[in-house]
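The structure appears below as structure tokens.
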Protein chains: 2
Amino acid sequence: MSKKDDLQADSAMHVMDGIYAGHDGMKETPRKRFMKKKKTVNISNLAEEIAKGSRLHLARGITLLESITREDREAGQRLLLNLLPKTGNSIRLGITGVPGAGTSTFIETFGLKLAEAGHKVAVLAIDPSSTVTGGSILGDKTRMEILARHPNAFIRPSPSAGTLGGVHKKSRETMLLCEAAGYDIILIETVGVGQSETMVRGMVDMFILLALTGAGDELQGMKKGIMELADMIIVHKADGENLPLAKKTVREYKQLLHLLQPASPGWMGKSLPVSSYERTGFDEVWGLVKSFKEAMEKNGHWQTRRNYQTKDWFHAMIQNHLIDSFYSKKGKLDEVKKLEYAVVNGQMTVASAVEALFKE
Amino acid sequence: MSKKDDLQADSAMHVMDGIYAGHDGMKETPRKRFMKKKKTVNISNLAEEIAKGSRLHLARGITLLESITREDREAGQRLLLNLLPKTGNSIRLGITGVPGAGTSTFIETFGLKLAEAGHKVAVLAIDPSSTVTGGSILGDKTRMEILARHPNAFIRPSPSAGTLGGVHKKSRETMLLCEAAGYDIILIETVGVGQSETMVRGMVDMFILLALTGAGDELQGMKKGIMELADMIIVHKADGENLPLAKKTVREYKQLLHLLQPASPGWMGKSLPVSSYERTGFDEVWGLVKSFKEAMEKNGHWQTRRNYQTKDWFHAMIQNHLIDSFYSKKGKLDEVKKLEYAVVNGQMTVASAVEALFKE
């Protein structure tokens, strides 16, 4: 640890003074208590600071939710419960892009526009970790540096590792904490392979797809699958020589959207050209987001969808629990291993081994 | 039902004469027994016919595995167990493509080449049904018509509907039956959104990605995520004016593959140009498939991977069972509904509701 890091850690400890209360009151310094690992989080204090909009405390709250220790996670849940009444007052936007579409650049430019207009913007990333390496697909450090410095913005990189379900859980809880901290626009960026799109569609109000020119007649399964989730398709990099083709592509997408069942009832998917380089098209995007919200509130689908999403999330968590507790039962792993052996050696079919496991 | 359909159904019934044995012996015709819905499948007979290579019986076996009735599925499992010793003697290839890459055309051309050379080729498709409409992304009827007519080929469209896990299960079992029927090359095509790629990688020996020219500097998360799964990247449509650019793209992919951790230990990912239109590059593709098999057999990873995949499949099926049986417990749904209500109305966090559900 460098001297500088040490100093930063120290100063963070002091800020946490009000948040942590040791077992023996306030006599000890936070640092000493931290070293003794006897920390108890003062949840109501932390909740208060988050509700006031402190980014430092928000980050600390998210860290609790993401923690691997049971104690921290329980504290995180108490925090979340405390803040639940303050959640829900945001527009939740999911944004994904085809390869090369420049999703991060778009989000940074869009986020800055909104932050400059007085909105509080939180950017979260969902990044199903790379299957082979277990690492993050994109480095988070150098991304969206300008937006990150804006006082109205909060950027949280993707929780690393874990199952996709786990990432989902963490991202949803993070989103709620951000709302409690007063962020009225949540931008959820999907990074990586298509698994994440459906998941993100399940936690946002509106889903935006970033495309490039030349979609034309090359549309196949992949794009159509994602297109069906999209409330808005932005043809990005619509600038310079690319502009006429971008406008043509927008027309093509409009035609296609016309043929598809809408992703949101009562909302015909929109398409428009945007340039992050020339900063054009963003007012139109924001206008459409507002129209979308209005339309969904009017037909009741805004709340219906959110309720449905919460239920869905609940069931996903039930499933996680079932699986975890099954495998942690005493002797269960041995039993499974024996059947596994029989299956691998062709003595049983997978289906019959599963049946044997649950026969009792 | 038209007269013609009727005749076909009738003739199919006659073929099934040897497969079905009614409760009262052989006195009744298959048709009468079918009408009375008292069919009992003669599994050893069906297994024998499949092992002899009958496509009709193979299709019938797959239908049993995919059936929604418990009786049929159990019969399907007995069939599979009967044939297990005959499975495993194939090369299992997963093939996916970026949008517009022409995956079906490639598979048809490749499959024909192999069938003409005396191989028996089975083509299965994995198509995670479209999330919104529940329908199939691509119509299966008009696809690969030429290959479908070749006596050495067997094409099975994707099992429709169901969870991705269910499709997975069915496709794996179908693959095993095809192997028992003597198909020595199984081509598994992924259609649609990225969810399926990881799943297919988990059931094949080798994974092939079809790309197009111009990947160059526009590589982002999505492609890289899939690239990490690929043992071979084919730059398709490498013909005519496109050829020089295709060769350049191949060089770029080679460089990228050099930087990535190999998808299969001891095998540096390969890239090459292929044209289905001009039928060029296929001998090279097949040569690489054979080299891959040889390398994996030499370093022991061929069987290690298959064992690992079978284990993985087993665990996925355990999880499916856990979830299904939890929700079907008496009174459980009511309990879940009550908690669901509390969660949706902000009285509980999702995590605390899950805890309450499993407290007893």
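Within each chain, counting starts at residue 1; across the structure tokens, chains are named A, B, ... in the order shown, with ligands numbered 1 upward in that order.
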Give the helix (DSSP H, G or I) residues of region 142-346 of chain A, as assigned by DSSP on the backbone, as a PyMOL selection string. chain A and resi 145-149+164-180+195-201+216-218+221-227+240-259+282-298+301-327+332-344
What lies within 9 Å of Glu66 (chain A) using only C-alpha atoms, ignoring chain neighbours under 3 positions off, as a PyMOL selection string? chain A and resi 61-63+69+72-73+76+159+170+174
Create the file for the chosen residues now, containing N, CA and C atoms and written as a PDB file, in the first residue's frame.
```pdb
ATOM      1  N   GLY A  61     -22.935   1.754   1.148  1.00  0.00           N
ATOM      2  CA  GLY A  61     -24.142   0.926   1.225  1.00  0.00           C
ATOM      3  C   GLY A  61     -24.132  -0.180   0.181  1.00  0.00           C
ATOM      4  N   ILE A  62     -23.736   0.177  -1.027  1.00  0.00           N
ATOM      5  CA  ILE A  62     -23.681  -0.830  -2.098  1.00  0.00           C
ATOM      6  C   ILE A  62     -22.666  -1.916  -1.742  1.00  0.00           C
ATOM      7  N   THR A  63     -21.548  -1.477  -1.164  1.00  0.00           N
ATOM      8  CA  THR A  63     -20.524  -2.444  -0.769  1.00  0.00           C
ATOM      9  C   THR A  63     -21.085  -3.440   0.257  1.00  0.00           C
ATOM     10  N   THR A  69     -19.594 -11.366   3.298  1.00  0.00           N
ATOM     11  CA  THR A  69     -19.868 -11.819   4.668  1.00  0.00           C
ATOM     12  C   THR A  69     -21.351 -11.668   4.982  1.00  0.00           C
ATOM     13  N   ASP A  72     -22.443  -8.422   6.922  1.00  0.00           N
ATOM     14  CA  ASP A  72     -22.561  -7.238   6.070  1.00  0.00           C
ATOM     15  C   ASP A  72     -23.834  -7.288   5.230  1.00  0.00           C
ATOM     16  N   ARG A  73     -24.101  -8.457   4.672  1.00  0.00           N
ATOM     17  CA  ARG A  73     -25.271  -8.569   3.801  1.00  0.00           C
ATOM     18  C   ARG A  73     -26.554  -8.322   4.580  1.00  0.00           C
ATOM     19  N   GLY A  76     -26.847  -4.806   5.033  1.00  0.00           N
ATOM     20  CA  GLY A  76     -27.270  -4.247   3.753  1.00  0.00           C
ATOM     21  C   GLY A  76     -28.771  -4.362   3.560  1.00  0.00           C
ATOM     22  N   PRO A 159     -20.665  -5.452 -10.556  1.00  0.00           N
ATOM     23  CA  PRO A 159     -20.138  -6.340  -9.524  1.00  0.00           C
ATOM     24  C   PRO A 159     -19.398  -7.482 -10.214  1.00  0.00           C
ATOM     25  N   LYS A 170     -27.586  -8.137  -7.223  1.00  0.00           N
ATOM     26  CA  LYS A 170     -26.813  -6.990  -6.760  1.00  0.00           C
ATOM     27  C   LYS A 170     -27.176  -5.725  -7.526  1.00  0.00           C
ATOM     28  N   THR A 174     -28.643  -2.362  -5.964  1.00  0.00           N
ATOM     29  CA  THR A 174     -27.866  -1.134  -6.176  1.00  0.00           C
ATOM     30  C   THR A 174     -28.746  -0.040  -6.774  1.00  0.00           C
TER      31      THR A 174
END
```
Can you list, as a count of residues only, every protein, DNA or RNA residue that comes within 9 Å of region 312-323 of chain A when you count only C-alpha atoms, leaving out same-chain residues fewer than 3 positions away?
28
**Request:** Considering only C-alpha atoms, state which residue in the set A:Asn242, A:Ser352, A:Thr105, A:Ser276 is at the smallest distance from chain B.
**Result:**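 For chain B, the nearest of the given residues is A:Ser352.
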Within 9 Å of region 265-267 of chain A, counting only C-alpha atoms, which residues show up once you throw out same-chain ones fewer than 3 positions away? Write them as an mmCIF file with C-alpha atoms, in the first residue's frame, please.
```cif
data_model
loop_
_atom_site.group_PDB
_atom_site.id
_atom_site.type_symbol
_atom_site.label_atom_id
_atom_site.label_comp_id
_atom_site.auth_asym_id
_atom_site.auth_seq_id
_atom_site.Cartn_x
_atom_site.Cartn_y
_atom_site.Cartn_z
ATOM 1 C CA ASP A 231 -38.619 0.430 -27.131
ATOM 2 C CA GLN A 261 -45.060 -6.940 -31.622
ATOM 3 C CA PRO A 262 -44.241 -3.915 -29.421
ATOM 4 C CA LYS A 270 -39.150 4.346 -32.247
ATOM 5 C CA PHE A 292 -42.754 6.753 -23.205
ATOM 6 C CA ALA A 295 -47.819 6.737 -22.291
ATOM 7 C CA MET A 296 -47.022 3.893 -19.885
ATOM 8 C CA ASN A 299 -52.210 2.980 -19.752
ATOM 9 C CA HIS A 301 -48.304 -0.415 -17.697
#
```
